[in-house]
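Engineer: Dropping a structure here in structure tokens format, bear with me for questions.
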Amino acid sequence: MMHVLSPQNDTQMRDQFQPGAFIGSILVTSGITDVVNVYHGVSGCNAMAQHFRGDLVPNGAYIPVMATGFLENEAIMGGGAKLEKTLRMAVGAKNPPKCVFVSLSDCPAVGGEDIEGVSRGVMEELGTKIVAIGNAGFVGGVARGAELALCKILDEIVEPWEGKREGINVIAPFLMGSANMPFDIDHMVEMLQAAGIKVNLVLARNTKYDELKRFSAAQANLMLTYEEMTDFVRKSDALGVPTLTDEPVLPYGIGNTEEWLLRLAEQFGDVEKAKKYLVEEMGKVRRILYRNYNFSWMASFLSDKYAAVCGPAPFAAAITRYLVHDLNIRVKVVGLWSETKASGEKARKLLEPLGDTMEFTVLENPTYFQLGEAVREANVDFVIGSMQDKPLFKGMGVAHLNLAGFYYFNNYNFVPWPLAGVKGSLRLFSEVCKVVDEAFYETEAWKKLNFVAGAARD
């Protein structure tokens, strides 16, 4: 049976990792090549922009972030002059960008900084496209920031389409919640293409600025988040591109991948191509694992272990299903992070069938204290989560594996191999084996056995 708890109704305190809208916009625009991001605000948020932008660099593009140098004086007197100067520098570079995206932080937003007016003036004078996004952190979370950027792209860059519509737009890949997002989305596109599904655009991952104009040539949008984006959906509908509202489970693990790909192939591609591709991929995995004693031993060892999972709702739901369906691991606690009610509801819908064979608790947007207490009570062997909750569980003596989330010092994406797809199941299994291995070692036993001088012995 699945028990659902909504701790946010019980407390006013929110000790959660909650980056604001500014970060969501940066993560969208940093996936578009041939552009520059101009940041108007205090230096702390500029550091965040620089580092979050780095999440998209592996096998991707380096998008410059230029700061205006907003200081205390500008907080009082206004920083329009600095913003104008910085925009002129960005546009007047030796290799000028095709577009400049302007973001701002809370301080100039509270002061009523007119980034729209300044941007419009420079654009009219110099001709380069400048898109200003009112994405101060206090206007919402990461998903809202992503939506603000997407809406600006639809309003100011995308062009109407009169011809035949083909393929899908893949929207907001970083919002699916995987710490390995760059390589996961690259492989997901490969899977879609192998199933005869045309990918019109990925918004945004290595997307050329000029390609944005053909957004409306797609048949539909595939959201890789369960968050509700009503403004984006409405604007996309007006361009003739509907958005899938019943998003399939993310393709983590073999069972989830098969469900994800076949369902999309039925709507937009070739089911027989999808089946052939899946069989070929499973054959490659089988050749690696067949008669492999380490695999058979560890697969048996993992079976019936107890786990907890926490992360952004789409990713946490998919990983939970993977652990249960592919590895026969009993998940006792699932923590779902989401900004909108729709995200939690969709994740719960995917998890509900698991309640027929096991008992577990789902916590929606819990505080870290509430999540920690639930995991302690469940007495699990290990937790899959992100960097933000690692200190909590390591402090409790519970083995922990970072697979979810974003932010620097979390994503060590140096090996270009996905977690997603049939191929990615090899990496997933390897990661789970390592964390379970950690769970069953007394890592500091040496402290009990180290040499102690005679006078200090008991």
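Ligands are numbered from 1 in the order shown, chains are lettered A, B, ... in the order of the structure tokens, and residues start at 1 in each chain.
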Skip Ala21 of chain A itself and residues of its chain fewer than 6 positions away, then list as a list in words all residues within 10 Å of it, counting only C-alpha atoms.

Structural biologist: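 Using only C-alpha atoms, the neighbours found are Ser105, Gly134, Asn135, Ala136, Gly137, Phe138, Val139, Gly140, Gly141, Val142, Ala143, Arg144, Gly145, Ala146, Glu147, Leu148 and Ala149 of chain A.
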
Engineer: Which residues are close to segment 223-239 of chain A, i.e. within 7 Å by only C-alpha atoms, leaving aside same-chain residues fewer than 6 positions away? Reply as a PyMOL selection string.

Structural biologist: chain A and resi 143+147+150-151+160+170-173+175-176+216+247+314+339-340+342-343+346

Engineer: Could you save the residues just selected, with all heavy atoms, as a compact mmCIF listing (two decimals), in the first residue's frame?

Structural biologist:
# COMPACT_ATOMS: atom_id res chain seq x y z
N ALA A 143 11.34 25.87 -12.10
CA ALA A 143 10.42 25.58 -13.19
C ALA A 143 9.75 26.86 -13.70
O ALA A 143 9.57 27.03 -14.90
CB ALA A 143 9.36 24.56 -12.75
N GLU A 147 9.94 28.49 -17.39
CA GLU A 147 8.74 28.87 -18.15
C GLU A 147 8.82 30.31 -18.63
O GLU A 147 8.43 30.63 -19.76
CB GLU A 147 7.50 28.66 -17.30
CG GLU A 147 6.21 28.95 -18.04
CD GLU A 147 4.97 28.73 -17.22
OE1 GLU A 147 5.06 28.78 -15.97
OE2 GLU A 147 3.91 28.50 -17.82
N LEU A 150 11.05 30.32 -21.63
CA LEU A 150 10.38 29.67 -22.76
C LEU A 150 9.33 30.58 -23.36
O LEU A 150 9.19 30.68 -24.59
CB LEU A 150 9.76 28.35 -22.31
CG LEU A 150 10.73 27.23 -21.92
CD1 LEU A 150 9.99 26.09 -21.23
CD2 LEU A 150 11.47 26.71 -23.14
N CYS A 151 8.57 31.25 -22.52
CA CYS A 151 7.52 32.16 -23.02
C CYS A 151 8.12 33.32 -23.79
O CYS A 151 7.58 33.75 -24.83
CB CYS A 151 6.68 32.68 -21.85
SG CYS A 151 5.55 31.45 -21.16
N PRO A 160 5.81 31.83 -36.94
CA PRO A 160 4.70 30.94 -37.30
C PRO A 160 5.12 29.94 -38.38
O PRO A 160 6.04 30.19 -39.15
CB PRO A 160 3.64 31.91 -37.84
CG PRO A 160 4.03 33.25 -37.29
CD PRO A 160 5.51 33.24 -37.18
N VAL A 170 11.39 18.66 -27.46
CA VAL A 170 11.68 18.13 -26.12
C VAL A 170 11.98 19.32 -25.22
O VAL A 170 12.92 20.08 -25.48
CB VAL A 170 12.86 17.15 -26.16
CG1 VAL A 170 13.13 16.59 -24.77
CG2 VAL A 170 12.58 16.01 -27.15
N ILE A 171 11.18 19.49 -24.18
CA ILE A 171 11.20 20.72 -23.40
C ILE A 171 11.79 20.52 -22.01
O ILE A 171 11.43 19.59 -21.29
CB ILE A 171 9.76 21.29 -23.25
CG1 ILE A 171 9.10 21.46 -24.62
CG2 ILE A 171 9.77 22.60 -22.48
CD1 ILE A 171 9.78 22.44 -25.53
N ALA A 172 12.70 21.43 -21.65
CA ALA A 172 13.26 21.56 -20.29
C ALA A 172 13.90 20.27 -19.78
O ALA A 172 13.50 19.73 -18.75
CB ALA A 172 12.20 22.05 -19.31
N PRO A 173 14.94 19.76 -20.47
CA PRO A 173 15.55 18.50 -20.04
C PRO A 173 16.14 18.54 -18.63
O PRO A 173 16.12 17.54 -17.92
CB PRO A 173 16.64 18.25 -21.09
CG PRO A 173 16.87 19.57 -21.74
CD PRO A 173 15.56 20.28 -21.70
N LEU A 175 14.95 19.87 -16.06
CA LEU A 175 13.91 19.76 -15.04
C LEU A 175 13.49 18.31 -14.78
O LEU A 175 12.69 18.07 -13.87
CB LEU A 175 12.69 20.59 -15.43
CG LEU A 175 12.83 22.11 -15.26
CD1 LEU A 175 11.58 22.81 -15.76
CD2 LEU A 175 13.12 22.48 -13.82
N MET A 176 14.00 17.36 -15.54
CA MET A 176 13.65 15.97 -15.24
C MET A 176 14.33 15.52 -13.95
O MET A 176 13.89 14.57 -13.31
CB MET A 176 14.00 15.03 -16.40
CG MET A 176 15.44 14.94 -16.78
SD MET A 176 15.65 13.85 -18.22
CE MET A 176 17.32 14.26 -18.73
N SER A 216 7.57 26.04 -34.02
CA SER A 216 6.18 25.76 -34.38
C SER A 216 6.04 24.77 -35.52
O SER A 216 4.92 24.49 -35.95
CB SER A 216 5.46 27.07 -34.72
OG SER A 216 6.21 27.85 -35.61
N GLU A 247 2.48 12.86 -19.41
CA GLU A 247 3.86 12.51 -19.73
C GLU A 247 4.20 11.09 -19.29
O GLU A 247 3.84 10.67 -18.20
CB GLU A 247 4.83 13.49 -19.08
CG GLU A 247 4.68 14.94 -19.52
CD GLU A 247 3.66 15.70 -18.69
OE1 GLU A 247 2.87 15.04 -17.99
OE2 GLU A 247 3.65 16.93 -18.75
N PRO A 314 9.74 13.75 -11.26
CA PRO A 314 9.85 12.80 -12.38
C PRO A 314 10.98 11.80 -12.20
O PRO A 314 10.82 10.61 -12.45
CB PRO A 314 10.11 13.71 -13.59
CG PRO A 314 9.68 15.07 -13.17
CD PRO A 314 9.92 15.15 -11.70
N GLU A 339 7.27 21.92 -7.60
CA GLU A 339 6.83 23.30 -7.43
C GLU A 339 5.33 23.44 -7.57
O GLU A 339 4.72 24.32 -6.98
CB GLU A 339 7.51 24.21 -8.46
CG GLU A 339 8.99 24.41 -8.24
CD GLU A 339 9.60 25.33 -9.28
OE1 GLU A 339 8.91 26.27 -9.73
OE2 GLU A 339 10.76 25.10 -9.65
N THR A 340 4.73 22.59 -8.38
CA THR A 340 3.30 22.69 -8.64
C THR A 340 2.60 21.40 -8.24
O THR A 340 3.20 20.32 -8.20
CB THR A 340 3.02 22.97 -10.13
OG1 THR A 340 3.55 21.90 -10.92
CG2 THR A 340 3.65 24.28 -10.55
N ALA A 342 0.48 19.66 -9.85
CA ALA A 342 0.41 18.68 -10.94
C ALA A 342 1.60 17.74 -10.93
O ALA A 342 1.46 16.55 -11.23
CB ALA A 342 0.32 19.41 -12.28
N SER A 343 2.78 18.25 -10.60
CA SER A 343 3.99 17.42 -10.63
C SER A 343 3.90 16.27 -9.64
O SER A 343 4.18 15.12 -9.97
CB SER A 343 5.22 18.29 -10.34
OG SER A 343 6.40 17.51 -10.41
N LYS A 346 1.24 13.60 -10.80
CA LYS A 346 1.67 12.73 -11.88
C LYS A 346 2.68 11.69 -11.39
O LYS A 346 2.65 10.54 -11.82
CB LYS A 346 2.25 13.56 -13.03
CG LYS A 346 1.20 14.38 -13.75
CD LYS A 346 1.80 15.29 -14.81
CE LYS A 346 0.71 16.11 -15.49
NZ LYS A 346 1.26 17.03 -16.51

Engineer: Measure the distance from atom CA of Asn46 of chain A to atom CA of Thr33 of chain A in Å and round it to one decimal.

Structural biologist: 19.6 Å

Engineer: Tell me which protein, DNA and RNA residues are within 9 Å of segment 126-128 of chain A, counting only C-alpha atoms, leaving out same-chain ones fewer than 3 positions away, and put them as a PyMOL selection string.

Structural biologist: chain A and resi 88+91-92+96-100+121-123

Engineer: List every residue of segment 92-158 of chain A that DSSP, applied to the backbone of this structure, assigns to helix (DSSP H, G or I), and report them as a PyMOL selection string.

Structural biologist: chain A and resi 106-110+115-126+137-139+142-156

Engineer: May I ask which of the residues A:Pro248, A:Pro416, A:Pro391, A:Gly405 is the closest one to Phe369 of chain A, counting only C-alpha atoms?

Structural biologist: A:Pro391

Engineer: Looking only at strand (DSSP E) from DSSP on the backbone, list the matching residues of segment 183-413 of chain A as a PyMOL selection string.

Structural biologist: chain A and resi 199-203+207-208+220-223+306-312+330-337+360-364+382-385+399-402

Engineer: Please provide the set of residues having any atom within 12 Å of Glu166 of chain A, restricted to only C-alpha atoms, with same-chain residues fewer than 6 positions apart removed, written as a ChimeraX atom specification.

Structural biologist: /A:196-201,214-221,240-241,267-269

Engineer: Rank nothing, just name the residue among A:Leu428, A:Leu327, A:Cys310, A:Val202 nearest to Asn365 of chain A, using only C-alpha atoms.

Structural biologist: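 That would be A:Cys310, the residue with the smallest distance to Asn365 of chain A.
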